[in-house]
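Have a look at start33.cif; it's mmCIF, C-alpha atoms:
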```
data_my_file
#
loop_
_atom_site.group_PDB
_atom_site.id
_atom_site.type_symbol
_atom_site.label_atom_id
_atom_site.label_comp_id
_atom_site.auth_asym_id
_atom_site.auth_seq_id
_atom_site.Cartn_x
_atom_site.Cartn_y
_atom_site.Cartn_z
ATOM 1 C CA MET S 1 131.638 67.423 114.884
ATOM 2 C CA ARG S 2 128.922 68.880 112.701
ATOM 3 C CA LYS S 3 125.457 67.361 112.566
ATOM 4 C CA LEU S 4 123.025 66.959 109.698
ATOM 5 C CA VAL S 5 119.323 67.235 110.592
ATOM 6 C CA ARG S 6 117.456 64.116 109.630
ATOM 7 C CA ASN S 7 113.713 64.896 109.580
ATOM 8 C CA GLN S 8 113.048 65.691 113.251
ATOM 9 C CA GLY S 9 116.048 63.657 114.445
ATOM 10 C CA VAL S 10 119.793 64.117 114.006
ATOM 11 C CA LEU S 11 122.238 62.321 111.753
ATOM 12 C CA THR S 12 125.894 62.626 112.828
ATOM 13 C CA LEU S 13 128.392 62.862 109.982
ATOM 14 C CA PRO S 14 130.981 60.060 109.990
ATOM 15 C CA ILE S 15 133.848 62.313 108.866
ATOM 16 C CA ASN S 16 134.895 65.914 109.163
ATOM 17 C CA VAL S 17 134.447 67.863 105.909
ATOM 18 C CA ASN S 18 136.456 71.063 105.559
ATOM 19 C CA ASP S 19 135.435 72.112 102.036
ATOM 20 C CA PRO S 20 134.013 75.667 102.487
ATOM 21 C CA GLU S 21 131.343 75.070 99.815
ATOM 22 C CA TYR S 22 130.178 71.965 101.662
ATOM 23 C CA VAL S 23 130.186 73.755 105.008
ATOM 24 C CA SER S 24 128.127 76.609 103.509
ATOM 25 C CA ALA S 25 125.625 74.161 101.990
ATOM 26 C CA GLU S 26 125.358 72.268 105.287
ATOM 27 C CA LYS S 27 124.530 75.505 107.098
ATOM 28 C CA ALA S 28 121.866 76.312 104.483
ATOM 29 C CA TYR S 29 120.432 72.811 104.925
ATOM 30 C CA ASN S 30 120.073 73.167 108.672
ATOM 31 C CA GLU S 31 118.455 76.603 108.350
ATOM 32 C CA ALA S 32 116.050 75.723 105.504
ATOM 33 C CA ASN S 33 112.391 75.509 106.537
ATOM 34 C CA THR S 34 110.985 74.001 103.329
ATOM 35 C CA LEU S 35 111.552 70.635 101.718
ATOM 36 C CA GLU S 36 112.689 72.395 98.541
ATOM 37 C CA GLY S 37 115.202 74.473 100.458
ATOM 38 C CA LYS S 38 116.653 71.399 102.143
ATOM 39 C CA LEU S 39 116.779 69.527 98.823
ATOM 40 C CA THR S 40 118.656 72.361 97.088
ATOM 41 C CA ALA S 41 121.219 72.524 99.891
ATOM 42 C CA LEU S 42 121.493 68.729 100.002
ATOM 43 C CA LYS S 43 122.322 68.534 96.284
ATOM 44 C CA LYS S 44 125.097 71.074 96.806
ATOM 45 C CA MET S 45 126.408 69.062 99.765
ATOM 46 C CA ILE S 46 126.503 65.935 97.606
ATOM 47 C CA SER S 47 128.404 67.732 94.835
ATOM 48 C CA HIS S 48 131.039 68.923 97.329
ATOM 49 C CA ALA S 49 131.221 65.767 99.484
ATOM 50 C CA PRO S 50 134.608 63.997 99.599
ATOM 51 C CA LYS S 51 135.154 61.714 96.620
ATOM 52 C CA HIS S 52 137.690 59.460 98.357
ATOM 53 C CA LYS S 53 136.794 56.047 99.807
ATOM 54 C CA GLY S 54 136.384 57.445 103.326
ATOM 55 C CA GLY S 55 133.524 59.627 102.099
ATOM 56 C CA GLU S 56 131.471 56.785 100.565
ATOM 57 C CA ASN S 57 129.272 56.368 103.627
ATOM 58 C CA LEU S 58 128.581 60.111 103.781
ATOM 59 C CA ARG S 59 127.659 60.308 100.095
ATOM 60 C CA GLN S 60 125.376 57.295 100.472
ATOM 61 C CA GLN S 61 123.558 58.854 103.432
ATOM 62 C CA LEU S 62 123.155 62.175 101.615
ATOM 63 C CA THR S 63 121.874 60.460 98.467
ATOM 64 C CA THR S 64 119.335 58.445 100.480
ATOM 65 C CA ARG S 65 118.146 61.651 102.149
ATOM 66 C CA ARG S 66 117.899 63.392 98.745
ATOM 67 C CA LYS S 67 115.670 60.628 97.341
ATOM 68 C CA LYS S 68 113.376 60.823 100.371
ATOM 69 C CA PHE S 69 113.021 64.612 100.038
ATOM 70 C CA GLU S 70 112.244 64.285 96.318
ATOM 71 C CA ALA S 71 109.532 61.722 97.092
ATOM 72 C CA GLN S 72 108.070 63.899 99.874
ATOM 73 C CA ILE S 73 107.959 66.947 97.594
ATOM 74 C CA THR S 74 106.251 64.999 94.795
ATOM 75 C CA LYS S 75 103.680 63.604 97.229
ATOM 76 C CA ALA S 76 103.021 67.025 98.793
ATOM 77 C CA LYS S 77 102.481 68.701 95.427
ATOM 78 C CA LYS S 78 100.091 65.991 94.239
ATOM 79 C CA SER S 79 98.003 66.277 97.396
ATOM 80 C CA GLY S 80 98.144 70.095 97.502
ATOM 81 C CA LYS S 81 99.821 70.043 100.911
ATOM 82 C CA SER S 82 102.526 72.398 102.128
ATOM 83 C CA THR S 83 106.219 71.585 101.841
ATOM 84 C CA GLN S 84 106.907 73.938 104.733
ATOM 85 C CA ILE S 85 108.709 72.503 107.748
ATOM 86 C CA GLY S 86 108.002 73.639 111.278
ATOM 87 C CA ILE S 87 105.081 76.083 110.854
ATOM 88 C CA LYS S 88 102.614 75.251 113.598
ATOM 89 C CA LYS S 89 99.155 76.752 113.308
ATOM 90 C CA ASP S 90 98.729 79.301 116.087
ATOM 91 C CA GLY S 91 95.388 81.059 116.456
ATOM 92 C CA LEU S 92 93.555 81.870 113.244
ATOM 93 C CA GLN S 93 95.895 81.493 110.285
ATOM 94 C CA THR S 94 95.835 84.109 107.527
ATOM 95 C CA ALA S 95 97.998 83.890 104.407
ATOM 96 C CA ILE S 96 99.243 86.986 102.577
ATOM 97 C CA ILE S 97 99.478 86.187 98.872
ATOM 98 C CA GLY S 98 100.347 88.386 95.929
ATOM 99 C CA PHE S 99 102.715 89.128 93.092
ATOM 100 C CA THR S 100 106.236 90.376 93.710
ATOM 101 C CA ASN S 101 106.608 94.001 94.857
ATOM 102 C CA THR S 102 102.979 94.374 95.959
ATOM 103 C CA GLY S 103 104.037 95.127 99.558
ATOM 104 C CA LYS S 104 103.566 91.741 101.265
ATOM 105 C CA SER S 105 106.556 92.148 103.602
ATOM 106 C CA THR S 106 105.606 95.740 104.408
ATOM 107 C CA LEU S 107 102.063 94.649 105.299
ATOM 108 C CA LEU S 108 103.318 91.797 107.497
ATOM 109 C CA ALA S 109 105.634 94.178 109.363
ATOM 110 C CA ALA S 110 102.869 96.776 109.766
ATOM 111 C CA LEU S 111 100.337 94.283 111.133
ATOM 112 C CA THR S 112 102.507 92.083 113.344
ATOM 113 C CA ASN S 113 105.638 91.719 115.438
ATOM 114 C CA ALA S 114 107.580 90.277 112.494
ATOM 115 C CA HIS S 115 110.636 91.897 110.923
ATOM 116 C CA PRO S 116 110.773 90.553 107.358
ATOM 117 C CA LYS S 117 113.322 91.744 104.832
ATOM 118 C CA ILE S 118 111.734 94.600 102.870
ATOM 119 C CA SER S 119 113.243 95.268 99.455
ATOM 120 C CA GLU S 120 112.301 96.756 96.106
ATOM 121 C CA ASN S 121 114.101 93.861 94.406
ATOM 122 C CA ARG S 122 111.893 91.238 92.786
ATOM 123 C CA PHE S 123 111.367 87.965 94.646
ATOM 124 C CA SER S 124 113.262 89.141 97.736
ATOM 125 C CA THR S 125 111.144 86.831 99.940
ATOM 126 C CA THR S 126 112.201 83.234 99.338
ATOM 127 C CA GLN S 127 110.857 81.620 102.537
ATOM 128 C CA PRO S 128 107.476 82.059 104.293
ATOM 129 C CA GLN S 129 107.583 84.774 106.965
ATOM 130 C CA ILE S 130 105.421 84.572 110.112
ATOM 131 C CA GLY S 131 104.003 87.172 112.482
ATOM 132 C CA MET S 132 101.282 87.396 115.146
ATOM 133 C CA THR S 133 98.704 90.063 115.849
ATOM 134 C CA ILE S 134 95.671 90.283 118.140
ATOM 135 C CA HIS S 135 92.381 91.922 117.276
ATOM 136 C CA GLU S 136 89.440 91.986 119.686
ATOM 137 C CA THR S 137 91.193 89.312 121.785
ATOM 138 C CA ILE S 138 91.513 87.007 118.766
ATOM 139 C CA PRO S 139 95.089 85.878 117.998
ATOM 140 C CA ILE S 140 95.796 85.930 114.280
ATOM 141 C CA GLN S 141 98.819 84.234 112.754
ATOM 142 C CA LEU S 142 99.827 85.888 109.481
ATOM 143 C CA ILE S 143 102.066 84.118 106.991
ATOM 144 C CA GLU S 144 103.639 85.953 104.079
ATOM 145 C CA ILE S 145 104.068 83.438 101.272
ATOM 146 C CA PRO S 146 106.721 84.102 98.584
ATOM 147 C CA ALA S 147 105.410 85.752 95.398
ATOM 148 C CA ILE S 148 102.725 83.783 93.619
ATOM 149 C CA GLU S 149 104.671 83.767 90.333
ATOM 150 C CA SER S 150 107.942 82.612 91.938
ATOM 151 C CA GLU S 151 109.280 79.073 92.236
ATOM 152 C CA ASN S 152 109.104 79.428 96.033
ATOM 153 C CA PHE S 153 105.318 79.936 96.159
ATOM 154 C CA ASP S 154 103.803 77.330 98.498
ATOM 155 C CA LYS S 155 100.239 76.552 97.480
ATOM 156 C CA GLY S 156 99.928 74.046 100.305
ATOM 157 C CA LEU S 157 100.327 76.828 102.881
ATOM 158 C CA ALA S 158 97.603 78.808 101.147
ATOM 159 C CA ASN S 159 95.304 75.772 101.169
ATOM 160 C CA GLY S 160 95.743 75.368 104.923
ATOM 161 C CA ALA S 161 94.953 78.979 105.867
ATOM 162 C CA ASP S 162 91.625 80.000 107.422
ATOM 163 C CA THR S 163 91.552 83.121 105.273
ATOM 164 C CA ILE S 164 93.627 84.550 102.421
ATOM 165 C CA LEU S 165 94.614 88.166 101.832
ATOM 166 C CA ALA S 166 95.004 88.581 98.071
ATOM 167 C CA LEU S 167 97.297 91.607 98.075
ATOM 168 C CA VAL S 168 97.207 93.523 94.786
ATOM 169 C CA THR S 169 98.282 96.848 93.327
ATOM 170 C CA LYS S 170 96.659 96.366 89.908
ATOM 171 C CA PHE S 171 93.094 95.324 89.162
ATOM 172 C CA GLU S 172 94.133 92.636 86.658
ATOM 173 C CA GLN S 173 96.116 90.832 89.372
ATOM 174 C CA ILE S 174 92.908 89.849 91.176
ATOM 175 C CA SER S 175 91.598 87.326 88.641
ATOM 176 C CA LYS S 176 95.043 85.738 88.268
ATOM 177 C CA ILE S 177 95.361 85.180 92.014
ATOM 178 C CA LEU S 178 91.813 83.884 92.422
ATOM 179 C CA LEU S 179 92.316 81.474 89.506
ATOM 180 C CA LYS S 180 95.447 80.089 91.131
ATOM 181 C CA LEU S 181 93.597 79.684 94.442
ATOM 182 C CA LYS S 182 90.220 78.474 93.168
ATOM 183 C CA LYS S 183 90.518 75.208 95.134
ATOM 184 C CA SER S 184 91.811 76.834 98.322
ATOM 185 C CA PRO S 185 89.054 76.553 100.986
ATOM 186 C CA GLY S 186 90.017 79.668 102.974
ATOM 187 C CA LYS S 187 87.835 82.740 102.658
ATOM 188 C CA LYS S 188 89.407 85.442 100.509
ATOM 189 C CA ILE S 189 89.764 89.209 100.985
ATOM 190 C CA ILE S 190 90.969 91.413 98.148
ATOM 191 C CA VAL S 191 93.428 93.873 99.710
ATOM 192 C CA PHE S 192 94.247 96.712 97.304
ATOM 193 C CA ASN S 193 97.544 98.196 98.487
ATOM 194 C CA LYS S 194 99.463 101.441 97.791
ATOM 195 C CA ILE S 195 96.402 103.687 97.649
ATOM 196 C CA ASP S 196 98.613 106.513 98.945
ATOM 197 C CA ILE S 197 99.760 107.042 95.348
ATOM 198 C CA LEU S 198 96.180 107.210 94.004
ATOM 199 C CA SER S 199 94.070 110.343 93.674
ATOM 200 C CA GLU S 200 90.670 110.580 95.379
ATOM 201 C CA ASN S 201 88.978 110.185 92.018
ATOM 202 C CA GLU S 202 91.003 107.056 91.241
ATOM 203 C CA LYS S 203 90.079 105.567 94.604
ATOM 204 C CA ARG S 204 86.373 106.273 94.017
ATOM 205 C CA LYS S 205 86.491 104.570 90.610
ATOM 206 C CA LEU S 206 88.403 101.615 92.018
ATOM 207 C CA THR S 207 85.926 101.173 94.872
ATOM 208 C CA ALA S 208 82.993 101.279 92.453
ATOM 209 C CA THR S 209 84.614 98.644 90.218
ATOM 210 C CA LEU S 210 85.384 96.307 93.103
ATOM 211 C CA GLN S 211 81.830 96.695 94.427
ATOM 212 C CA SER S 212 80.396 95.901 91.006
ATOM 213 C CA LYS S 213 82.336 92.628 91.021
ATOM 214 C CA LYS S 214 80.947 91.873 94.518
ATOM 215 C CA TYR S 215 84.393 91.258 95.962
ATOM 216 C CA ASN S 216 85.056 91.195 99.690
ATOM 217 C CA PHE S 217 87.674 93.948 99.583
ATOM 218 C CA ILE S 218 89.445 96.802 101.342
ATOM 219 C CA LEU S 219 91.737 99.614 100.177
ATOM 220 C CA ILE S 220 94.901 100.123 102.249
ATOM 221 C CA SER S 221 98.340 101.661 102.338
ATOM 222 C CA ALA S 222 100.718 99.359 104.190
ATOM 223 C CA VAL S 223 103.551 101.877 104.127
ATOM 224 C CA MET S 224 101.331 104.669 105.506
ATOM 225 C CA LYS S 225 99.481 102.210 107.800
ATOM 226 C CA LYS S 226 96.139 103.394 106.444
ATOM 227 C CA ASN S 227 93.018 101.253 107.095
ATOM 228 C CA LEU S 228 95.011 98.491 108.827
ATOM 229 C CA ASN S 229 92.698 98.298 111.856
ATOM 230 C CA GLU S 230 89.790 98.030 109.441
ATOM 231 C CA LEU S 231 91.641 95.212 107.685
ATOM 232 C CA LYS S 232 92.129 93.299 110.950
ATOM 233 C CA SER S 233 88.443 93.746 111.733
ATOM 234 C CA LYS S 234 87.522 92.412 108.298
ATOM 235 C CA ILE S 235 89.771 89.385 108.841
ATOM 236 C CA THR S 236 88.071 88.468 112.132
ATOM 237 C CA LYS S 237 84.605 88.933 110.627
ATOM 238 C CA THR S 238 85.475 86.896 107.560
ATOM 239 C CA LEU S 239 86.815 84.062 109.674
ATOM 240 C CA ASP S 240 83.338 83.673 111.191
ATOM 241 C CA LYS S 241 84.412 81.982 114.433
ATOM 242 C CA LEU S 242 83.233 81.987 118.056
ATOM 243 C CA ARG S 243 85.268 83.433 120.932
ATOM 244 C CA ILE S 244 84.523 81.334 124.009
ATOM 245 C CA TYR S 245 85.968 82.198 127.422
ATOM 246 C CA THR S 246 86.330 79.845 130.373
ATOM 247 C CA LYS S 247 86.372 80.594 134.095
ATOM 248 C CA GLU S 248 86.876 78.842 137.407
ATOM 249 C CA PRO S 249 84.300 79.159 140.224
ATOM 250 C CA ASN S 250 84.499 82.542 141.998
ATOM 251 C CA LYS S 251 87.208 83.764 139.609
ATOM 252 C CA PRO S 252 87.116 86.121 136.596
ATOM 253 C CA LYS S 253 87.034 84.759 133.054
ATOM 254 C CA SER S 254 90.213 83.890 131.180
ATOM 255 C CA ASN S 255 91.937 86.638 129.201
ATOM 256 C CA LYS S 256 92.436 84.538 126.086
ATOM 257 C CA PRO S 257 89.407 83.043 124.338
ATOM 258 C CA ILE S 258 89.135 79.577 122.875
ATOM 259 C CA ILE S 259 88.399 79.931 119.157
ATOM 260 C CA MET S 260 85.605 77.632 118.006
ATOM 261 C CA LYS S 261 83.655 77.000 114.839
ATOM 262 C CA LYS S 262 80.107 78.260 114.441
ATOM 263 C CA LYS S 263 77.439 75.948 115.906
ATOM 264 C CA SER S 264 79.889 74.565 118.493
ATOM 265 C CA THR S 265 78.482 73.122 121.716
ATOM 266 C CA VAL S 266 79.715 73.002 125.312
ATOM 267 C CA LYS S 267 80.973 69.469 124.620
ATOM 268 C CA HIS S 268 83.084 70.713 121.698
ATOM 269 C CA VAL S 269 84.784 73.236 123.982
ATOM 270 C CA ALA S 270 85.423 70.639 126.686
ATOM 271 C CA GLU S 271 87.001 68.281 124.165
ATOM 272 C CA LYS S 272 89.164 71.075 122.747
ATOM 273 C CA ILE S 273 90.466 71.796 126.245
ATOM 274 C CA LEU S 274 91.365 68.130 126.710
ATOM 275 C CA LYS S 275 90.301 65.014 124.858
ATOM 276 C CA GLY S 276 87.915 63.060 127.063
ATOM 277 C CA PHE S 277 87.356 66.036 129.383
ATOM 278 C CA SER S 278 83.615 66.186 128.600
ATOM 279 C CA LYS S 279 83.167 62.824 130.358
ATOM 280 C CA LYS S 280 84.511 64.338 133.567
ATOM 281 C CA VAL S 281 82.165 67.352 133.511
ATOM 282 C CA LYS S 282 79.588 67.304 136.316
ATOM 283 C CA GLN S 283 77.992 70.715 135.755
ATOM 284 C CA THR S 284 78.328 73.604 133.311
ATOM 285 C CA LYS S 285 77.291 77.219 133.838
ATOM 286 C CA ILE S 286 76.993 79.792 131.063
ATOM 287 C CA TRP S 287 77.197 83.594 130.967
ATOM 288 C CA GLY S 288 76.752 85.555 127.788
ATOM 289 C CA PRO S 289 74.656 85.768 124.602
ATOM 290 C CA SER S 290 73.503 82.133 124.589
ATOM 291 C CA SER S 291 72.318 82.135 128.220
ATOM 292 C CA LYS S 292 68.799 83.015 129.345
ATOM 293 C CA PHE S 293 70.225 84.461 132.561
ATOM 294 C CA SER S 294 73.675 84.799 134.154
ATOM 295 C CA GLY S 295 75.068 81.532 135.436
ATOM 296 C CA GLN S 296 72.483 79.377 133.681
ATOM 297 C CA ILE S 297 73.120 75.648 134.120
ATOM 298 C CA VAL S 298 73.222 73.935 130.717
ATOM 299 C CA GLY S 299 74.015 70.529 129.270
ATOM 300 C CA LEU S 300 76.879 69.438 127.021
ATOM 301 C CA ASN S 301 74.747 69.854 123.891
ATOM 302 C CA HIS S 302 74.035 73.531 124.570
ATOM 303 C CA LYS S 303 74.849 75.563 121.438
ATOM 304 C CA LEU S 304 77.185 78.478 122.043
ATOM 305 C CA LYS S 305 77.329 82.046 120.762
ATOM 306 C CA ASP S 306 80.206 84.466 120.344
ATOM 307 C CA LEU S 307 81.599 85.837 123.654
ATOM 308 C CA ASP S 308 79.984 83.185 125.853
ATOM 309 C CA VAL S 309 81.702 82.367 129.159
ATOM 310 C CA ILE S 310 81.737 78.762 130.430
ATOM 311 C CA GLU S 311 82.387 77.445 133.932
ATOM 312 C CA PHE S 312 83.042 73.709 134.239
ATOM 313 C CA LYS S 313 82.651 71.657 137.413
ATOM 314 C CA THR S 314 84.153 68.176 137.258
ATOM 315 C CA LYS S 315 83.123 64.918 138.913
#
```
Please re-express this file's structure in structure tokens.
Amino acid sequence: MRKLVRNQGVLTLPINVNDPEYVSAEKAYNEANTLEGKLTALKKMISHAPKHKGGENLRQQLTTRRKKFEAQITKAKKSGKSTQIGIKKDGLQTAIIGFTNTGKSTLLAALTNAHPKISENRFSTTQPQIGMTIHETIPIQLIEIPAIESENFDKGLANGADTILALVTKFEQISKILLKLKKSPGKKIIVFNKIDILSENEKRKLTATLQSKKYNFILISAVMKKNLNELKSKITKTLDKLRIYTKEPNKPKSNKPIIMKKKSTVKHVAEKILKGFSKKVKQTKIWGPSSKFSGQIVGLNHKLKDLDVIEFKTK
């Protein structure tokens, strides 16, 4: 018996539906990772649901689900939140935003372990695509959002990102993207793509123009993988975070840092490890830029610096 996903739970269908259009729509529903995608599939399921008396309960359940999705979408759009389902923030989140055919999928594939569909067709990306990369021990989650001028563009995802890569291939695209994202809190980097088709003179003029506008920018070629390490470095610098390592007594530091905001204290790190953990801390030692000497004993209010190493002893 097939099952219809109900939010995070499962709703079992009361009857078996053999209509191929319904079956196809049900599959699309279960695979959709946005509220809009689920709503579109749900409407198709309703239109192809059995019309006989035995299908009344099914149609009622589908209609109730449709109304709830419509309400959730309206609420999300009013609040500027994402309608994406199941994207958990992992590391520092960076959104790739741009017009269609600017190379968003190519850039995501070049920077991360993702394998998005790359096509010259317009609006080929209809769902957000996710990939991970690591630069200077900092994990960065990159999300390619469907084209900014398409109906699938998710402004809520952009609003939740730590930083935004405004990917452009034409100068006039910059102001249009920034206008659309003027209320997005994430720091923005103008990423001018496809410079492999520009002459040296054109690149010099473009650089001068971008500098005159005081943009935080970089010129790249995603397809030729030119300046991508520089781009990752710019992302980590723009994010302006602290990398804090922990260690156990008589053992080396951890390989993966804890990412903290600027001006964080030892207490902030302890609470990020586990809520209430700071109350169990008996002693803290520090190695790194914020310490006066290696293994300095500090209190919970000690302000940290990038690349500090902390050793906790509990009560």
List every protein, DNA or RNA residue that has at least one atom no more than 12 Å from (93.8, 88.6, 91.4) in the file's coordinates, counting all atoms listed in the file, and write the result as an NGL selection string.
:S and (97-99 or 102 or 148-149 or 164-182 or 188-192 or 210 or 215 or 217)
Trp287 (chain S): which residues within 8 Å, counting all atoms listed in the file, same-chain residues fewer than 5 positions away excluded, as a count of residues only?
7
Given all atoms listed in the file as the basis, pick out the residue of S:Thr112, S:Thr133, S:Asn301, S:Gln141 nearest to Gln93 (chain S).
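Ranked by minimum distance to Gln93 (chain S), first place goes to S:Gln141.
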Since I can't run it myself right now, could you work out what the PyMOL selection byres ((chain S and resi 236-247) around 10) selects here and report it as a PyMOL selection string?
chain S and resi 92-94+134-140+162-164+186-189+216+231-235+248-264+266+269-270+273+285-288+304-312
Between CA of Gly131 (chain S) and CA of Asn113 (chain S), what distance in Å does the model show, to one decimal?
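According to the coordinates, CA of Gly131 (chain S) and CA of Asn113 (chain S) are separated by 5.7 Å.
The two atoms in question, CA of Tyr29 (chain S) and CA of Met45 (chain S), are spaced 8.7 Å apart.
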If I take CA of Tyr22 (chain S) and CA of Leu58 (chain S), how far is one from the other in Å, to one decimal?
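Between these atoms lies a distance of 12.1 Å.
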Give me the result of the PyMOL selection byres ((chain S and resi 146) around 9) on this file, residue by residue, as a ChimeraX atom specification.
/S:96-100,104,123-129,144-145,147-154
Name the residues in contact with Thr63 (chain S) at a cut-off of 12 Å, using all atoms listed in the file, excluding same-chain residues fewer than 2 positions from it; report them as a ChimeraX atom specification.
/S:39,42-47,49,56-61,65-70
Distance criterion (all atoms listed in the file): nearest to Met224 (chain S) out of S:Glu21, S:Thr207, S:Thr106, S:Lys267:
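Looking only at the distances to Met224 (chain S), the closest residue turns out to be S:Thr106.
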Box dimensions and centre (Å, one decimal) enclosing region 61-78 of chain S, axis-aligned, 6 Å extra per side, as lines of an AutoDock Vina configuration file:
```
center_x = 111.8
center_y = 63.6
center_z = 98.8
size_x = 35.5
size_y = 22.3
size_z = 21.2
```
My list of candidates is S:Lys226, S:Arg122, S:Lys205, S:Lys38. Which is closest to Leu62 (chain S) when distances are computed with only C-alpha atoms?
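Closest to Leu62 (chain S) of all the choices is S:Lys38.
Among the candidates S:Leu206, S:Ala158, S:Ile118, S:Ala41, the residue lying nearest to Lys27 (chain S) is S:Ala41 (atoms considered: only C-alpha atoms).
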Out of S:Asn193, S:Ser184, S:Asn201, S:Ile143, which residue has the shortest atom-to-atom distance to Ile218 (chain S) when counting all atoms listed in the file?
S:Asn193
Missing atoms in region 22-43 of chain S need filling: write out N, CA and C atoms for it as a CSV table (one decimal), keeping the file's coordinate frame.
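Below is the file that was written, out_24.csv:
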```
chain,number,residue,atom,x,y,z
S,22,TYR,N,131.0,73.0,101.0
S,22,TYR,CA,130.2,72.0,101.7
S,22,TYR,C,129.7,72.5,103.0
S,23,VAL,N,130.6,73.2,103.7
S,23,VAL,CA,130.2,73.8,105.0
S,23,VAL,C,129.1,74.8,104.8
S,24,SER,N,129.2,75.6,103.8
S,24,SER,CA,128.1,76.6,103.5
S,24,SER,C,126.8,75.9,103.2
S,25,ALA,N,126.8,74.9,102.4
S,25,ALA,CA,125.6,74.2,102.0
S,25,ALA,C,125.0,73.5,103.2
S,26,GLU,N,125.9,72.9,104.1
S,26,GLU,CA,125.4,72.3,105.3
S,26,GLU,C,124.6,73.3,106.2
S,27,LYS,N,125.2,74.5,106.3
S,27,LYS,CA,124.5,75.5,107.1
S,27,LYS,C,123.2,75.9,106.5
S,28,ALA,N,123.1,76.0,105.2
S,28,ALA,CA,121.9,76.3,104.5
S,28,ALA,C,120.8,75.2,104.7
S,29,TYR,N,121.3,74.0,104.7
S,29,TYR,CA,120.4,72.8,104.9
S,29,TYR,C,119.8,72.9,106.3
S,30,ASN,N,120.6,73.1,107.3
S,30,ASN,CA,120.1,73.2,108.7
S,30,ASN,C,119.1,74.3,108.9
S,31,GLU,N,119.3,75.4,108.2
S,31,GLU,CA,118.5,76.6,108.4
S,31,GLU,C,117.2,76.6,107.5
S,32,ALA,N,117.2,75.8,106.4
S,32,ALA,CA,116.0,75.7,105.5
S,32,ALA,C,114.8,75.3,106.2
S,33,ASN,N,113.7,75.9,105.9
S,33,ASN,CA,112.4,75.5,106.5
S,33,ASN,C,111.4,75.0,105.5
S,34,THR,N,111.8,74.7,104.3
S,34,THR,CA,111.0,74.0,103.3
S,34,THR,C,111.7,72.8,102.8
S,35,LEU,N,110.9,71.8,102.3
S,35,LEU,CA,111.6,70.6,101.7
S,35,LEU,C,112.4,71.0,100.5
S,36,GLU,N,111.9,72.0,99.7
S,36,GLU,CA,112.7,72.4,98.5
S,36,GLU,C,114.0,73.0,98.9
S,37,GLY,N,114.0,73.8,100.0
S,37,GLY,CA,115.2,74.5,100.5
S,37,GLY,C,116.2,73.5,100.9
S,38,LYS,N,115.8,72.4,101.7
S,38,LYS,CA,116.7,71.4,102.1
S,38,LYS,C,117.2,70.6,101.0
S,39,LEU,N,116.3,70.3,100.0
S,39,LEU,CA,116.8,69.5,98.8
S,39,LEU,C,117.9,70.3,98.0
S,40,THR,N,117.7,71.6,97.8
S,40,THR,CA,118.7,72.4,97.1
S,40,THR,C,120.0,72.3,97.8
S,41,ALA,N,120.0,72.5,99.1
S,41,ALA,CA,121.2,72.5,99.9
S,41,ALA,C,121.9,71.1,99.9
S,42,LEU,N,121.0,70.1,100.0
S,42,LEU,CA,121.5,68.7,100.0
S,42,LEU,C,122.2,68.4,98.7
S,43,LYS,N,121.7,68.8,97.6
S,43,LYS,CA,122.3,68.5,96.3
S,43,LYS,C,123.7,69.2,96.2
```
